[in-house]
Amino acid sequence: MDTTSKLALILADAGLPAALKAIALKVQNQERITFDEGVYLYEHAELGYLGVLANYIREQKHGDHTYFNRNFHIEPTNVCVYDCKFCSYSRLIKQKEEGWEMSVDAMMEVLMKYDNEPVTEVHITGGVVPKQNLEFYSDFFRKAKAHRPGLHIKALTPVEYYYIFKKAKLSHYEGMKYLQEAGLDSMPGGGAEIFHPEVREKIAHDKCNAEQWLDIHEQAHKLGMKTNATMLYGHIEQFWHRVDHMERLRQQQDKTGGFQAFIPLKFRNQHNQMDHVPEVSVIEDLRNYAIARIYLDNFDHIKAYWAMISRQTAQLSLNFGVDDIDGTLDDTTKIYSMAGAEEQHPAMSTQDLVNLIKQVNRKPIERDTLYNVVTDYSNVTFEDEVKPQYYKLPVIN
C-alpha cells in the first residue's frame, strides 16, 4: 500500500481523535501545523500514525531517494574552553593531557591522505581553544583549497565561530565573510543543543546562546552559504522544549531559507557529566524523527547519523521521515563513539551504505554537500571495494 492510501486510511478512521485527524488533514493539504499541535503529537501520537504522516511528507518531497555523501572528518582538537555537561568528547584545558591539538600541517596531512579517494567533502569540527583562531582556520582553508580546489569545506559551528569572531573583534557577518573568502563553503549544524534558556543554562551554560547561534547562521545565509541545524534530544528537556527549538528554526528558515537539513542528535550518556540521565528508546528516536519531518515543513531534508543511532535504527528511520543518512565516514571521527554510540569504529564504505539503503527498498543516491546528485546507485553492481584505512589522531603528551 502506498503512502497516499495509508494516509487516507488514517483519515477514514472513525476512532481517531479529532486533534490527530486535524493534523493529518493539514499534512495531506500541505498546511503548517502549529506549536500546540507539535506538542500534542509528542504527547499523544502513536508511532504508527506518525510514521504514516512523516513518510507521506518524505515521499512527497523525495520519493524513495535516500541521500548520502562520501566525506571524511578532521577534528582539530578535543580540548575545549567550554564545559558542556552532555559532552563525552571534549577535554577542558586543565585536562589537556587527555586530548589532542592538531597543527595546520597535521590537518593537511589528514586531507592529503584522501588525495586518491573520490570524497567530495571534508567535515571539520571539534573543541574550542585559543590558538585555533581566525588566522589558524583561514590558513588551513586556503591551503586546503590550493591543494584540492574541488573539495567542499564544511567547517565549524557557531560555537566555534562565536569564540573566534569575538576574539578577533569582528562581527558575525565580517567573520563569516573573511572565512568564506579563505575557502569556507558551508557550515554544519552542531552546537544548537536545546535553544530554550531553561535547558541550555543547565547543560551548556557558557557557550553561545540561541540568538547568537541563529544569527551566525543568518549571516552565513546572507553570504549565500548553506548550513544545517541540529537538536540534542532525549535528556532533561521536555517535549515543548523540542517544539520551541524547531519553531525557532522554522522561523529562521522562513526568513533566510539557507538551512538544508535538520539533524536530531540523540543524547548518549556514557563518559559525561549527565551519565545519570537515562537514554530514550529507539521508539522515541523514531517518533522524534517523524515529528521533526512533520513540523519542519520548510526544511528539505531530515538527516539521521547512522554512526550515532546504529545502522539498524538508521534503516528504520527511513520510514519515519528521514531521507539522508550522512556519509561514508571512516575512523576519523570520535565524537559519537566516545559518548557510547553503538558504532565504536564508525566506518562504512560506499558499498556498505548502498546495501544498507537497498535493504529497506529505498534508492541510494550519492550527493555532494549541496544535494546535487553525484551517482544514482539504484542499479549499480559493485566489485569488491576496500574501506578507508584507520587514521590515528595525534595525542598531546
# chains A, B, ... in the order shown; residues from 1 in each chain; ligands from 1
$ select_by_dssp --residues "stretch 56-284 of chain A" --states "alpha helix (DSSP H)" --output "ChimeraX atom specification"
/A:56-62,104-112,134-147,158-168,172-182,197-203,210-222,239-256,282-284
$ residues_around --residues "stretch 27-33 of chain A" --least-positions-apart "2" --cutoff "10 Å" --atoms "only C-alpha atoms" --output "number ranges by chain"
A: 4, 7-8, 11, 21-25, 35-38, 53-54, 56-57, 60, 294-298
$ closest_residue --among "A:Val129, A:Ala229, A:Ala14, A:Ala146" --to "A:Gln260" --atoms "only C-alpha atoms"
A:Ala229
$ atom_distance --atom1 "atom CA of A:Asn372" --atom2 "atom CA of A:Phe68"
10.9 Å
$ residues_around --residues "A:Thr157" --least-positions-apart "4" --cutoff "8 Å" --atoms "only C-alpha atoms" --output "MDAnalysis selection string"
chainID A and resid 125 161 187:191
$ write_last_selection --atoms "all heavy atoms" --output "PDB file, in the first residue's frame"
ATOM      1  N   THR A 125      35.096  19.847  12.648  1.00  0.00           N
ATOM      2  CA  THR A 125      34.562  20.407  13.888  1.00  0.00           C
ATOM      3  C   THR A 125      35.273  19.753  15.054  1.00  0.00           C
ATOM      4  O   THR A 125      35.833  18.669  14.927  1.00  0.00           O
ATOM      5  CB  THR A 125      33.036  20.218  13.989  1.00  0.00           C
ATOM      6  OG1 THR A 125      32.525  20.984  15.068  1.00  0.00           O
ATOM      7  CG2 THR A 125      32.667  18.753  14.196  1.00  0.00           C
ATOM      8  N   TYR A 161      32.695  29.596  15.959  1.00  0.00           N
ATOM      9  CA  TYR A 161      32.781  30.901  15.311  1.00  0.00           C
ATOM     10  C   TYR A 161      32.532  32.045  16.293  1.00  0.00           C
ATOM     11  O   TYR A 161      33.178  33.089  16.215  1.00  0.00           O
ATOM     12  CB  TYR A 161      31.785  30.980  14.152  1.00  0.00           C
ATOM     13  CG  TYR A 161      32.206  30.162  12.957  1.00  0.00           C
ATOM     14  CD1 TYR A 161      31.322  29.294  12.338  1.00  0.00           C
ATOM     15  CD2 TYR A 161      33.502  30.261  12.432  1.00  0.00           C
ATOM     16  CE1 TYR A 161      31.707  28.538  11.238  1.00  0.00           C
ATOM     17  CE2 TYR A 161      33.892  29.515  11.338  1.00  0.00           C
ATOM     18  CZ  TYR A 161      32.987  28.648  10.749  1.00  0.00           C
ATOM     19  OH  TYR A 161      33.387  27.911   9.664  1.00  0.00           O
ATOM     20  N   MET A 187      28.470  25.326   6.493  1.00  0.00           N
ATOM     21  CA  MET A 187      28.593  25.130   7.935  1.00  0.00           C
ATOM     22  C   MET A 187      27.703  23.975   8.381  1.00  0.00           C
ATOM     23  O   MET A 187      26.544  23.888   7.987  1.00  0.00           O
ATOM     24  CB  MET A 187      28.179  26.424   8.654  1.00  0.00           C
ATOM     25  CG  MET A 187      28.302  26.379  10.163  1.00  0.00           C
ATOM     26  SD  MET A 187      28.252  28.038  10.937  1.00  0.00           S
ATOM     27  CE  MET A 187      26.779  28.752  10.216  1.00  0.00           C
ATOM     28  N   PRO A 188      28.229  23.088   9.231  1.00  0.00           N
ATOM     29  CA  PRO A 188      27.393  22.027   9.795  1.00  0.00           C
ATOM     30  C   PRO A 188      26.439  22.597  10.852  1.00  0.00           C
ATOM     31  O   PRO A 188      26.422  23.797  11.111  1.00  0.00           O
ATOM     32  CB  PRO A 188      28.409  21.072  10.420  1.00  0.00           C
ATOM     33  CG  PRO A 188      29.577  21.933  10.752  1.00  0.00           C
ATOM     34  CD  PRO A 188      29.621  23.000   9.686  1.00  0.00           C
ATOM     35  N   GLY A 189      25.682  21.735  11.485  1.00  0.00           N
ATOM     36  CA  GLY A 189      24.595  22.214  12.340  1.00  0.00           C
ATOM     37  C   GLY A 189      24.814  22.093  13.820  1.00  0.00           C
ATOM     38  O   GLY A 189      23.883  22.307  14.606  1.00  0.00           O
ATOM     39  N   GLY A 190      26.029  21.743  14.245  1.00  0.00           N
ATOM     40  CA  GLY A 190      26.265  21.457  15.652  1.00  0.00           C
ATOM     41  C   GLY A 190      26.160  22.664  16.565  1.00  0.00           C
ATOM     42  O   GLY A 190      26.113  23.816  16.128  1.00  0.00           O
ATOM     43  N   GLY A 191      26.139  22.381  17.868  1.00  0.00           N
ATOM     44  CA  GLY A 191      26.118  23.431  18.877  1.00  0.00           C
ATOM     45  C   GLY A 191      24.759  23.988  19.197  1.00  0.00           C
ATOM     46  O   GLY A 191      24.628  24.850  20.067  1.00  0.00           O
TER      47      GLY A 191
END
$ atom_distance --atom1 "atom CA of A:Lys166" --atom2 "atom CA of A:Gly127"
16.1 Å
$ closest_residue --among "A:Ile153, A:Leu134, A:Ile302, A:Leu20" --to "A:Tyr67" --atoms "only C-alpha atoms"
A:Ile302
$ residues_around --residues "stretch 354-356 of chain A" --least-positions-apart "4" --cutoff "8 Å" --atoms "only C-alpha atoms" --output "mmCIF file with all heavy atoms, in the first residue's frame"
data_model
loop_
_atom_site.group_PDB
_atom_site.id
_atom_site.type_symbol
_atom_site.label_atom_id
_atom_site.label_comp_id
_atom_site.auth_asym_id
_atom_site.auth_seq_id
_atom_site.Cartn_x
_atom_site.Cartn_y
_atom_site.Cartn_z
ATOM 1 N N ARG A 311 23.225 1.327 12.626
ATOM 2 C CA ARG A 311 22.819 1.096 11.242
ATOM 3 C C ARG A 311 21.365 0.648 11.158
ATOM 4 O O ARG A 311 20.620 1.057 10.258
ATOM 5 C CB ARG A 311 23.738 0.043 10.608
ATOM 6 C CG ARG A 311 25.194 0.448 10.646
ATOM 7 C CD ARG A 311 26.133 -0.648 10.158
ATOM 8 N NE ARG A 311 27.510 -0.330 10.527
ATOM 9 C CZ ARG A 311 28.574 -0.607 9.802
ATOM 10 N NH1 ARG A 311 28.428 -1.248 8.652
ATOM 11 N NH2 ARG A 311 29.777 -0.279 10.214
ATOM 12 N N GLN A 315 18.211 2.502 9.313
ATOM 13 C CA GLN A 315 17.331 1.898 8.310
ATOM 14 C C GLN A 315 15.868 2.122 8.653
ATOM 15 O O GLN A 315 15.059 2.481 7.791
ATOM 16 C CB GLN A 315 17.616 0.393 8.203
ATOM 17 C CG GLN A 315 18.903 0.053 7.483
ATOM 18 C CD GLN A 315 19.140 -1.442 7.418
ATOM 19 O OE1 GLN A 315 19.086 -2.141 8.434
ATOM 20 N NE2 GLN A 315 19.420 -1.947 6.228
ATOM 21 N N THR A 350 31.214 2.931 0.545
ATOM 22 C CA THR A 350 30.071 3.271 -0.301
ATOM 23 C C THR A 350 29.191 2.044 -0.524
ATOM 24 O O THR A 350 27.958 2.124 -0.469
ATOM 25 C CB THR A 350 30.567 3.821 -1.646
ATOM 26 O OG1 THR A 350 31.390 4.963 -1.400
ATOM 27 C CG2 THR A 350 29.408 4.228 -2.541
ATOM 28 N N VAL A 360 16.155 -1.792 2.643
ATOM 29 C CA VAL A 360 14.827 -1.330 3.057
ATOM 30 C C VAL A 360 14.078 -0.695 1.884
ATOM 31 O O VAL A 360 13.210 0.163 2.050
ATOM 32 C CB VAL A 360 14.902 -0.363 4.263
ATOM 33 C CG1 VAL A 360 15.290 -1.117 5.515
ATOM 34 C CG2 VAL A 360 15.886 0.782 4.010
ATOM 35 N N PRO A 364 19.456 4.450 -3.232
ATOM 36 C CA PRO A 364 20.636 5.160 -2.731
ATOM 37 C C PRO A 364 21.170 6.174 -3.744
ATOM 38 O O PRO A 364 21.473 5.826 -4.886
ATOM 39 C CB PRO A 364 21.648 4.035 -2.485
ATOM 40 C CG PRO A 364 21.172 2.877 -3.295
ATOM 41 C CD PRO A 364 19.740 3.079 -3.642
ATOM 42 N N TYR A 377 22.834 5.094 -7.350
ATOM 43 C CA TYR A 377 23.297 3.723 -7.177
ATOM 44 C C TYR A 377 22.166 2.695 -7.229
ATOM 45 O O TYR A 377 22.372 1.537 -6.874
ATOM 46 C CB TYR A 377 24.042 3.582 -5.852
ATOM 47 C CG TYR A 377 25.473 4.075 -5.903
ATOM 48 C CD1 TYR A 377 25.789 5.380 -5.547
ATOM 49 C CD2 TYR A 377 26.502 3.248 -6.324
ATOM 50 C CE1 TYR A 377 27.100 5.839 -5.590
ATOM 51 C CE2 TYR A 377 27.812 3.693 -6.389
ATOM 52 C CZ TYR A 377 28.103 5.000 -6.022
ATOM 53 O OH TYR A 377 29.399 5.444 -6.084
#
$ residues_around --residues "A:Leu318" --least-positions-apart "5" --cutoff "12 Å" --atoms "only C-alpha atoms" --output "ChimeraX atom specification"
/A:51-52,54-59,62-67,286,289-290,293,301-306,311-313,323-325,356-364
$ write_last_selection --atoms "N, CA and C atoms" --output "CSV table (one decimal), in the first residue's frame"
chain,number,residue,atom,x,y,z
A,51,GLY,N,4.5,7.6,11.7
A,51,GLY,CA,5.2,7.1,10.6
A,51,GLY,C,4.5,7.3,9.3
A,52,VAL,N,3.2,7.1,9.3
A,52,VAL,CA,2.4,7.4,8.0
A,52,VAL,C,2.5,8.8,7.6
A,54,ALA,N,4.8,11.2,8.5
A,54,ALA,CA,6.1,11.6,8.1
A,54,ALA,C,6.6,11.0,6.8
A,55,ASN,N,6.2,9.7,6.6
A,55,ASN,CA,6.6,9.0,5.4
A,55,ASN,C,5.9,9.6,4.2
A,56,TYR,N,4.7,10.1,4.4
A,56,TYR,CA,3.9,10.7,3.3
A,56,TYR,C,4.7,12.0,2.9
A,57,ILE,N,5.1,12.8,3.8
A,57,ILE,CA,5.8,14.0,3.5
A,57,ILE,C,7.1,13.7,2.9
A,58,ARG,N,7.9,12.7,3.4
A,58,ARG,CA,9.2,12.3,2.9
A,58,ARG,C,9.0,11.9,1.4
A,59,GLU,N,8.0,11.1,1.1
A,59,GLU,CA,7.9,10.7,-0.3
A,59,GLU,C,7.3,11.7,-1.2
A,62,HIS,N,10.7,13.6,-1.8
A,62,HIS,CA,11.9,12.9,-2.3
A,62,HIS,C,11.6,11.5,-2.9
A,63,GLY,N,10.4,11.0,-2.9
A,63,GLY,CA,10.1,9.7,-3.3
A,63,GLY,C,10.9,8.7,-2.5
A,64,ASP,N,11.5,7.7,-3.1
A,64,ASP,CA,12.3,6.7,-2.4
A,64,ASP,C,13.8,7.1,-2.3
A,65,HIS,N,14.2,8.2,-2.8
A,65,HIS,CA,15.6,8.6,-2.8
A,65,HIS,C,16.1,8.8,-1.4
A,66,THR,N,17.2,8.2,-1.1
A,66,THR,CA,17.9,8.3,0.2
A,66,THR,C,19.3,8.8,-0.1
A,67,TYR,N,19.7,9.9,0.5
A,67,TYR,CA,20.9,10.5,0.2
A,67,TYR,C,22.1,10.2,1.1
A,286,LEU,N,12.5,7.3,16.8
A,286,LEU,CA,11.7,7.3,15.5
A,286,LEU,C,10.5,8.3,15.6
A,289,TYR,N,12.1,11.7,15.0
A,289,TYR,CA,12.4,12.0,13.6
A,289,TYR,C,11.1,12.3,12.8
A,290,ALA,N,10.0,11.5,13.1
A,290,ALA,CA,8.8,11.7,12.4
A,290,ALA,C,8.2,13.1,12.7
A,293,ARG,N,10.0,15.8,10.9
A,293,ARG,CA,9.6,15.9,9.5
A,293,ARG,C,8.3,16.6,9.3
A,301,HIS,N,15.4,18.5,4.0
A,301,HIS,CA,15.9,17.2,4.4
A,301,HIS,C,15.9,17.0,5.9
A,302,ILE,N,15.6,15.7,6.3
A,302,ILE,CA,15.8,15.3,7.7
A,302,ILE,C,16.9,14.2,7.6
A,303,LYS,N,18.0,14.4,8.4
A,303,LYS,CA,19.1,13.5,8.4
A,303,LYS,C,19.2,12.7,9.7
A,304,ALA,N,19.6,11.4,9.5
A,304,ALA,CA,20.0,10.6,10.7
A,304,ALA,C,21.4,10.2,10.5
A,305,TYR,N,22.2,10.4,11.6
A,305,TYR,CA,23.6,10.0,11.6
A,305,TYR,C,23.6,8.5,12.0
A,306,TRP,N,23.9,7.7,11.0
A,306,TRP,CA,23.9,6.2,11.3
A,306,TRP,C,24.9,5.9,12.4
A,311,ARG,N,23.2,1.3,12.6
A,311,ARG,CA,22.8,1.1,11.2
A,311,ARG,C,21.4,0.6,11.2
A,312,GLN,N,21.0,-0.2,12.1
A,312,GLN,CA,19.6,-0.7,12.1
A,312,GLN,C,18.6,0.4,12.3
A,313,THR,N,18.8,1.2,13.3
A,313,THR,CA,17.9,2.3,13.6
A,313,THR,C,17.9,3.3,12.4
A,323,ASP,N,15.5,11.1,5.1
A,323,ASP,CA,15.8,10.9,3.7
A,323,ASP,C,17.3,10.9,3.4
A,324,ASP,N,18.1,11.1,4.5
A,324,ASP,CA,19.6,11.3,4.4
A,324,ASP,C,20.2,10.6,5.6
A,325,ILE,N,21.2,9.7,5.3
A,325,ILE,CA,21.9,9.1,6.5
A,325,ILE,C,23.4,9.4,6.5
A,356,LEU,N,22.9,-0.9,2.7
A,356,LEU,CA,22.0,-0.6,3.8
A,356,LEU,C,20.7,0.0,3.3
A,357,ILE,N,20.8,0.9,2.4
A,357,ILE,CA,19.7,1.6,1.9
A,357,ILE,C,18.8,0.7,1.0
A,358,LYS,N,19.4,-0.1,0.2
A,358,LYS,CA,18.6,-1.0,-0.7
A,358,LYS,C,17.9,-2.1,0.1
A,359,GLN,N,18.5,-2.5,1.3
A,359,GLN,CA,17.8,-3.5,2.1
A,359,GLN,C,16.4,-3.1,2.6
A,360,VAL,N,16.2,-1.8,2.6
A,360,VAL,CA,14.8,-1.3,3.1
A,360,VAL,C,14.1,-0.7,1.9
A,361,ASN,N,14.4,-1.1,0.7
A,361,ASN,CA,13.7,-0.8,-0.5
A,361,ASN,C,13.7,0.7,-0.8
A,362,ARG,N,14.8,1.4,-0.5
A,362,ARG,CA,15.0,2.8,-0.9
A,362,ARG,C,16.1,2.9,-1.9
A,363,LYS,N,16.1,4.0,-2.6
A,363,LYS,CA,17.1,4.3,-3.7
A,363,LYS,C,18.3,5.1,-3.2
A,364,PRO,N,19.5,4.4,-3.2
A,364,PRO,CA,20.6,5.2,-2.7
A,364,PRO,C,21.2,6.2,-3.7
$ residues_around --residues "A:Met225" --least-positions-apart "4" --cutoff "10 Å" --atoms "only C-alpha atoms" --output "list in words"
Met176, Gln180, Leu184, Asp185, Ser186, Met187, His217, Glu218, Gln219, Ala220, His221, Gly258, Phe259 and Leu370 of chain A
$ closest_residue --among "A:Leu214, A:Met107, A:Leu50, A:Ile283" --to "A:His245" --atoms "only C-alpha atoms"
A:Leu214
$ closest_residue --among "A:Arg70, A:Lys6, A:His196, A:His235" --to "A:Val373" --atoms "only C-alpha atoms"
A:Arg70
$ atom_distance --atom1 "atom CA of A:Ile124" --atom2 "atom CA of A:Ala106"
13.3 Å
$ decode --residues "stretch 246-260 of chain A" --atoms "C-alpha atoms" --output "mmCIF file, in the first residue's frame"
data_model
loop_
_atom_site.group_PDB
_atom_site.id
_atom_site.type_symbol
_atom_site.label_atom_id
_atom_site.label_comp_id
_atom_site.auth_asym_id
_atom_site.auth_seq_id
_atom_site.Cartn_x
_atom_site.Cartn_y
_atom_site.Cartn_z
ATOM 1 C CA MET A 246 12.115 23.587 15.991
ATOM 2 C CA GLU A 247 9.843 26.642 15.945
ATOM 3 C CA ARG A 248 12.866 28.959 16.158
ATOM 4 C CA LEU A 249 14.493 27.074 13.305
ATOM 5 C CA ARG A 250 11.312 27.190 11.245
ATOM 6 C CA GLN A 251 11.055 30.937 11.711
ATOM 7 C CA GLN A 252 14.714 31.417 10.772
ATOM 8 C CA GLN A 253 14.219 29.296 7.673
ATOM 9 C CA ASP A 254 11.197 31.395 6.675
ATOM 10 C CA LYS A 255 13.458 34.427 6.936
ATOM 11 C CA THR A 256 16.602 33.254 5.099
ATOM 12 C CA GLY A 257 15.955 29.857 3.502
ATOM 13 C CA GLY A 258 19.556 28.756 3.966
ATOM 14 C CA PHE A 259 19.121 25.577 6.004
ATOM 15 C CA GLN A 260 19.401 22.344 4.044
#
